[in-house]
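Student: Handing you this structure, nothing more for now.
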Amino acid sequence: MASTPATETGPITSKPEPDSNKKLAFLLLALVLYGIVLALPQPAGLTDSGQVALGLLVLVVVLWISECVSPANSAVVLTGAAVLGLMGTSMTAGGKPMDSAAALTTMLSGFSSTAVLLVAAALFLAVALKHTGLDKRIALLVMSKIGVSPARLVLGAMIVGFVLALFIPSATARVGAVIPIMIGITAALGLAVNSSLGATLMIVTASACSIFNMAVKTGAAQNIISLNFMQQAFGHNITWSQWFITALPFTIGMCVVLFFAALWILRPQVPEGEDMPAKLRQQLADLGPVSSSEKRLIAVAALLLVMWSTEGVLHPFDTTTTTQIGIALLLMPKIGVMHWSQAEKLVPWGTIVLFAASISLGNLLSKTGAAGWLAQQTLGQMGLSALPVVAVIGALSVFSIVLHLGFASATGLASTLIPIMIAFTQTLPVSPETAFGIVMIQSFVVSFGFILPTNAPQNMLCYGTNAFSTPQFAKVGIVVTLAGLGLILLLSATLWPAMGVL
């Protein structure tokens with residue numbers, strides 16, 4: 001809160017932040033809409049608890065789109081509203097009515113999911129990279145080897161994004177590590193941060209992050225939350241390597257499109273005569289030799305990468321288990337690189353709380369039948385069941401891309417959309433394997449945050465540097481989005497069926 005200084009004419013008075021009234025209005029709107037949904041006559045085919053679940057969905061969508069409260073606070077509001085709404089209702093038709101304890105237990109179910117443990121462990125890994133400075137060393141090392149031409153710098157930014165995506169599951173953490181280096185490169189060339197080169201590097205950094213979110217199973221929380229719902233619905237999971245191989249042709253194509261779109265639309269220029277690689281090598285040298293803690297972290301990270309990529313082939317341990325073991329090593333005396341007291345201050349606990357609450361909401365939508373009812377009332381009315389699988393995938397992808405324009409969080413979008421997609425695909429005349437593949441492809445589309453800076457947190461981080469304008473970002477983003485949609489249709493008709501995905 002801001003306050004005015006004391007004066008001789010009166011006491012100190014306080015006034016709200018400029019946007020506090022707007023945030024309060026959105027919060028009240030969310031609660032009012034929740035109450036309206038609960039007060040409506042119960043639709044045919046929907047249970048009373050299912051109606052509550054739909055009300056909660058409306059509530060959190062308004063909270064997430066407006067960002068009137070923080071992610072962690074939205075989880076608290078969601079849980080409180082759910083308990084009040086679910087009391088006296090039964091989870092299934094004819095079941096026992098829930099009291100407050102049973103309703104609270106239902107909304108805490110997400111906290112017991114192994115997916116939450118995986119996200120928490122992976123965020124600790126991101127903290128370890130930041131704590132040791134290894135993320136900065138990797139970025140400087142790659143950029144110093146690439147060269148100074150616009151094409152080489154764009155390629156370097158994409159390579160850095162990919163390497164960090166292998167180990168850091170947080171888009172904001174990855175981009176936060178890369179932004180200072182990109183700004184430093186632009187400044188060292190004597191260019192303003194909002195020059196054509198600065199704009200290009202920032203837009204590529206943000207967009208490449210979204211692409212690599214799709215490439216790596218552990219690269220983004222929305223992947224993990226989608227797989228959690230899919231595993232519960234279809235009874236089987238997908239390994240790290242299977243996800244990577246499936247996404248590989250798509251992400252390679254997307255990278256090629258982003259590379260040429262950025263160079264063609266933004267036309268970055270680099271002054272002649274600057275020895276940028278030498279300057280980057282000097283910054284790398286200023287970091288000093290690789291420390292013992294960095295070497296230990298490299299060893300653990302390499303071990304994790306091997307364990308992830310050989311899951312189900314060389315060993316029986318799933319991704320969550322191996323990641324948990326890796327974090328345990330990083331926290332051990334002598335062997336590790338940090339103490340709990342150091343790590344806990346840097347872990348975004350609000351993200352973990354939101355993630356768990358989102359899983360709880362998804363579980364509620366599924367168990368009460370609300371997801372199935374909503375899928376039938378929306379997607380079911382589009383006549384998709386009579387169309388070929390490729391056409392279904394195209395229609396669902398367009399639906400997701402348009403919906404994403406209103407979301408600032410892919411995690412929130414996945415929590416909202418994937419349970420509905422699962423319920424809808426289970427009504428299609430296709431095999432469970434094909435239904436699983438359709439939903440997996442939609443989990444890629446959930447990361448399509450290319451068009452507006454507000455569509456993803458990493459976009460907003462880059463936008464905050466004032467390096468580019470919204471129209472610049474949108475021009476590149478629209479091209480990448482349309483190309484991505486085309487690639488999905490092409491791969492769905494050709495390669496993915498041959499790979500057994502569909």
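All residue names refer to the structure tokens as shown: chains lettered A, B, ... in order, residues numbered from 1 in each chain, ligands numbered from 1 in order.
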List every residue of range 333-452 of chain A that DSSP, applied to the backbone, labels as alpha helix (DSSP H), and write the result as an MDAnalysis selection string.
Tutor: chainID A and resid 340:344 349:367 370:377 389:404 410:425 432:445
Student: Considering only C-alpha atoms, return as a VMD selection string whatever protein or nucleic-acid residues lie within 7 Å of range 268-270 of chain A, sequence-local ones (same chain, fewer than 2 positions apart) excluded.
Tutor: chain A and resid 149 to 150 196 to 197 200 263 266 272
Student: Please write the residues from the selection above to a file, keeping N, CA and C atoms, as a PDB file, in the first residue's frame.
Tutor:
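Writing the result to part.pdb gives the following:
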```pdb
ATOM      1  N   SER A 149      26.825 -12.962 -35.817  1.00  0.00           N
ATOM      2  CA  SER A 149      25.826 -12.613 -36.820  1.00  0.00           C
ATOM      3  C   SER A 149      24.423 -12.790 -36.234  1.00  0.00           C
ATOM      4  N   PRO A 150      23.421 -12.081 -36.755  1.00  0.00           N
ATOM      5  CA  PRO A 150      22.060 -12.230 -36.232  1.00  0.00           C
ATOM      6  C   PRO A 150      21.586 -13.677 -36.212  1.00  0.00           C
ATOM      7  N   SER A 196      16.539  -3.639 -33.010  1.00  0.00           N
ATOM      8  CA  SER A 196      16.015  -4.802 -33.721  1.00  0.00           C
ATOM      9  C   SER A 196      16.631  -6.090 -33.196  1.00  0.00           C
ATOM     10  N   LEU A 197      17.924  -6.045 -32.835  1.00  0.00           N
ATOM     11  CA  LEU A 197      18.574  -7.240 -32.290  1.00  0.00           C
ATOM     12  C   LEU A 197      18.044  -7.565 -30.903  1.00  0.00           C
ATOM     13  N   THR A 200      14.621  -9.041 -31.154  1.00  0.00           N
ATOM     14  CA  THR A 200      14.681 -10.404 -31.690  1.00  0.00           C
ATOM     15  C   THR A 200      15.123 -11.400 -30.639  1.00  0.00           C
ATOM     16  N   LEU A 263      13.952 -13.759 -38.001  1.00  0.00           N
ATOM     17  CA  LEU A 263      14.895 -13.052 -38.864  1.00  0.00           C
ATOM     18  C   LEU A 263      14.167 -12.294 -39.973  1.00  0.00           C
ATOM     19  N   LEU A 266      11.561  -9.413 -38.023  1.00  0.00           N
ATOM     20  CA  LEU A 266      12.208  -8.407 -37.178  1.00  0.00           C
ATOM     21  C   LEU A 266      13.480  -7.830 -37.797  1.00  0.00           C
ATOM     22  N   GLU A 272      29.235  -3.939 -37.483  1.00  0.00           N
ATOM     23  CA  GLU A 272      30.433  -4.639 -37.914  1.00  0.00           C
ATOM     24  C   GLU A 272      31.619  -4.280 -37.029  1.00  0.00           C
TER      25      GLU A 272
END
```
Student: If we count only C-alpha atoms and set the cut-off at 9 Å, which residues sit around Phe111 in chain A, ignoring sequence neighbours fewer than 2 positions away in its own chain? Please answer as a list in words.
Tutor: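 Residues near the query, excluding close chain neighbours: Met107, Leu108, Ser109, Ser113, Thr114, Ala115, Val116, Leu117, Ile352, Val353, Phe355, Ala356, Ala357, Ile359 and Ser360 of chain A.
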Student: Those selected residues, please, written with C-alpha atoms and delivered as a PDB file, in the first residue's frame.
Tutor:
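Writing done, so here's result-v8.pdb:
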```
ATOM      1  CA  MET A 107      -9.828 -30.697  -2.244  1.00  0.00           C
ATOM      2  CA  LEU A 108      -6.527 -31.777  -0.686  1.00  0.00           C
ATOM      3  CA  SER A 109      -6.290 -34.897  -2.853  1.00  0.00           C
ATOM      4  CA  SER A 113      -0.208 -36.761  -6.193  1.00  0.00           C
ATOM      5  CA  THR A 114       3.252 -37.879  -7.267  1.00  0.00           C
ATOM      6  CA  ALA A 115       3.031 -35.183  -9.957  1.00  0.00           C
ATOM      7  CA  VAL A 116       3.253 -32.526  -7.234  1.00  0.00           C
ATOM      8  CA  LEU A 117       6.355 -34.196  -5.815  1.00  0.00           C
ATOM      9  CA  ILE A 352       3.491 -25.916  -5.936  1.00  0.00           C
ATOM     10  CA  VAL A 353       0.364 -24.999  -3.972  1.00  0.00           C
ATOM     11  CA  PHE A 355      -0.306 -27.027  -8.948  1.00  0.00           C
ATOM     12  CA  ALA A 356      -1.732 -29.276  -6.215  1.00  0.00           C
ATOM     13  CA  ALA A 357      -4.992 -27.317  -6.024  1.00  0.00           C
ATOM     14  CA  ILE A 359      -5.007 -31.301  -9.674  1.00  0.00           C
ATOM     15  CA  SER A 360      -7.668 -31.389  -6.967  1.00  0.00           C
TER      16      SER A 360
END
```
Student: Could you state the separation of CA of Gln342 in chain A and CA of Ala126 in chain A in Å, given to one decimal place?
Tutor: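 Interatomic distance here is 12.9 Å.
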Student: Which is closer to Thr205 in chain A than all the others in A:Leu487, A:Leu31, A:Ala467, A:Ala220, using only C-alpha atoms?
Tutor: A:Ala467
Student: Give the answer as one residue: which of A:Leu490, A:Leu134, A:Ala199, A:Val313 has the shortest atom-to-atom distance to Thr239 in chain A, using only C-alpha atoms?
Tutor: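 Of the candidates, the smallest distance to Thr239 in chain A is held by A:Val313.
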Student: Name the residues in contact with range 162-171 of chain A at a cut-off of 7 Å, using only C-alpha atoms, excluding same-chain residues fewer than 3 positions from it; report them as a VMD selection string.
Tutor: chain A and resid 122 to 123 125 to 126 158 to 159 174 to 175 209 212 216 218 to 221 458
Student: Let me see the file: selected residues, N, CA and C atoms, as a PDB file, in the first residue's frame.
Tutor:
```pdb
ATOM      1  N   ALA A 122      11.770 -30.952  -9.142  1.00  0.00           N
ATOM      2  CA  ALA A 122      12.376 -30.310 -10.304  1.00  0.00           C
ATOM      3  C   ALA A 122      12.646 -28.830 -10.038  1.00  0.00           C
ATOM      4  N   LEU A 123      11.795 -28.172  -9.261  1.00  0.00           N
ATOM      5  CA  LEU A 123      12.042 -26.773  -8.900  1.00  0.00           C
ATOM      6  C   LEU A 123      13.268 -26.654  -7.997  1.00  0.00           C
ATOM      7  N   LEU A 125      15.833 -28.560  -8.322  1.00  0.00           N
ATOM      8  CA  LEU A 125      16.935 -28.679  -9.274  1.00  0.00           C
ATOM      9  C   LEU A 125      17.223 -27.330  -9.927  1.00  0.00           C
ATOM     10  N   ALA A 126      16.159 -26.601 -10.263  1.00  0.00           N
ATOM     11  CA  ALA A 126      16.332 -25.268 -10.833  1.00  0.00           C
ATOM     12  C   ALA A 126      17.030 -24.343  -9.841  1.00  0.00           C
ATOM     13  N   MET A 158      18.414 -20.107 -28.898  1.00  0.00           N
ATOM     14  CA  MET A 158      17.579 -21.304 -28.923  1.00  0.00           C
ATOM     15  C   MET A 158      18.304 -22.504 -28.304  1.00  0.00           C
ATOM     16  N   ILE A 159      19.584 -22.633 -28.559  1.00  0.00           N
ATOM     17  CA  ILE A 159      20.356 -23.736 -27.975  1.00  0.00           C
ATOM     18  C   ILE A 159      20.403 -23.615 -26.458  1.00  0.00           C
ATOM     19  N   ARG A 174      14.083 -20.424 -16.246  1.00  0.00           N
ATOM     20  CA  ARG A 174      14.978 -20.524 -17.401  1.00  0.00           C
ATOM     21  C   ARG A 174      15.175 -19.163 -18.064  1.00  0.00           C
ATOM     22  N   VAL A 175      14.075 -18.493 -18.325  1.00  0.00           N
ATOM     23  CA  VAL A 175      14.155 -17.206 -19.002  1.00  0.00           C
ATOM     24  C   VAL A 175      14.823 -16.164 -18.102  1.00  0.00           C
ATOM     25  N   CYS A 209      11.303 -20.840 -25.367  1.00  0.00           N
ATOM     26  CA  CYS A 209      10.982 -21.442 -24.072  1.00  0.00           C
ATOM     27  C   CYS A 209       9.658 -22.205 -24.163  1.00  0.00           C
ATOM     28  N   PHE A 212      10.244 -25.443 -26.147  1.00  0.00           N
ATOM     29  CA  PHE A 212      10.951 -26.483 -25.399  1.00  0.00           C
ATOM     30  C   PHE A 212      10.148 -26.971 -24.193  1.00  0.00           C
ATOM     31  N   VAL A 216      10.165 -31.377 -23.736  1.00  0.00           N
ATOM     32  CA  VAL A 216      10.702 -32.131 -22.600  1.00  0.00           C
ATOM     33  C   VAL A 216       9.590 -32.386 -21.587  1.00  0.00           C
ATOM     34  N   THR A 218       9.697 -33.113 -18.480  1.00  0.00           N
ATOM     35  CA  THR A 218       9.937 -32.407 -17.220  1.00  0.00           C
ATOM     36  C   THR A 218      10.199 -30.925 -17.433  1.00  0.00           C
ATOM     37  N   GLY A 219       9.967 -30.425 -18.650  1.00  0.00           N
ATOM     38  CA  GLY A 219      10.287 -29.037 -18.956  1.00  0.00           C
ATOM     39  C   GLY A 219       9.255 -28.039 -18.482  1.00  0.00           C
ATOM     40  N   ALA A 220       8.050 -28.498 -18.162  1.00  0.00           N
ATOM     41  CA  ALA A 220       6.993 -27.566 -17.773  1.00  0.00           C
ATOM     42  C   ALA A 220       5.981 -28.261 -16.879  1.00  0.00           C
ATOM     43  N   ALA A 221       5.427 -27.507 -15.947  1.00  0.00           N
ATOM     44  CA  ALA A 221       4.451 -28.071 -15.010  1.00  0.00           C
ATOM     45  C   ALA A 221       3.186 -28.528 -15.719  1.00  0.00           C
ATOM     46  N   GLN A 458       6.855 -16.358 -18.993  1.00  0.00           N
ATOM     47  CA  GLN A 458       8.154 -16.062 -19.598  1.00  0.00           C
ATOM     48  C   GLN A 458       8.043 -14.937 -20.624  1.00  0.00           C
TER      49      GLN A 458
END
```
Student: Calculate how many Å separate CA of Leu189 in chain A from CA of Leu452 in chain A, rounding to one decimal.
Tutor: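 Taking CA of Leu189 in chain A as the start and CA of Leu452 in chain A as the end point, the length is 28.2 Å.
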Student: Skipping near chain neighbours, those fewer than 6 positions away, what residues fall within 10 Å of Leu405 in chain A using only C-alpha atoms, listed as a PyMOL selection string?
Tutor: chain A and resi 65+448-456
Student: Any chance you can output those residues with N, CA and C atoms as a compact mmCIF listing (two decimals), in the first residue's frame?
Tutor:
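Dumped to part_8.txt:
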```
# COMPACT_ATOMS: atom_id res chain seq x y z
N ILE A 65 -7.51 -15.53 -15.19
CA ILE A 65 -7.46 -14.59 -16.31
C ILE A 65 -7.20 -13.17 -15.81
N PHE A 448 1.03 -23.37 -26.27
CA PHE A 448 1.05 -22.40 -27.37
C PHE A 448 0.81 -20.98 -26.85
N GLY A 449 1.78 -20.42 -26.17
CA GLY A 449 1.64 -19.05 -25.66
C GLY A 449 2.43 -18.06 -26.51
N PHE A 450 2.23 -18.08 -27.82
CA PHE A 450 3.08 -17.33 -28.73
C PHE A 450 2.53 -15.97 -29.16
N ILE A 451 1.23 -15.74 -29.03
CA ILE A 451 0.62 -14.59 -29.71
C ILE A 451 0.69 -13.31 -28.88
N LEU A 452 0.38 -13.38 -27.59
CA LEU A 452 0.37 -12.18 -26.74
C LEU A 452 1.40 -12.31 -25.62
N PRO A 453 2.02 -11.21 -25.22
CA PRO A 453 2.94 -11.28 -24.09
C PRO A 453 2.28 -11.80 -22.81
N THR A 454 0.97 -11.58 -22.68
CA THR A 454 0.26 -12.00 -21.47
C THR A 454 -0.09 -13.49 -21.48
N ASN A 455 0.26 -14.21 -22.52
CA ASN A 455 -0.12 -15.62 -22.62
C ASN A 455 0.79 -16.56 -21.86
N ALA A 456 1.89 -16.07 -21.31
CA ALA A 456 2.81 -16.93 -20.56
C ALA A 456 3.69 -16.07 -19.67
```
Student: Just give me the gap between CA of Ala301 in chain A and CA of Ala177 in chain A in Å, one decimal is fine.
Tutor: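 So the two atoms, CA of Ala301 in chain A and CA of Ala177 in chain A, lie 17.3 Å apart.
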Student: Tell me, as a ChimeraX atom specification, which residues lie within 9 Å of Val61 in chain A, counting only C-alpha atoms; anything in the same chain fewer than 2 positions away does not count.
Tutor: /A:30,56-59,63-66,407,412-413,416
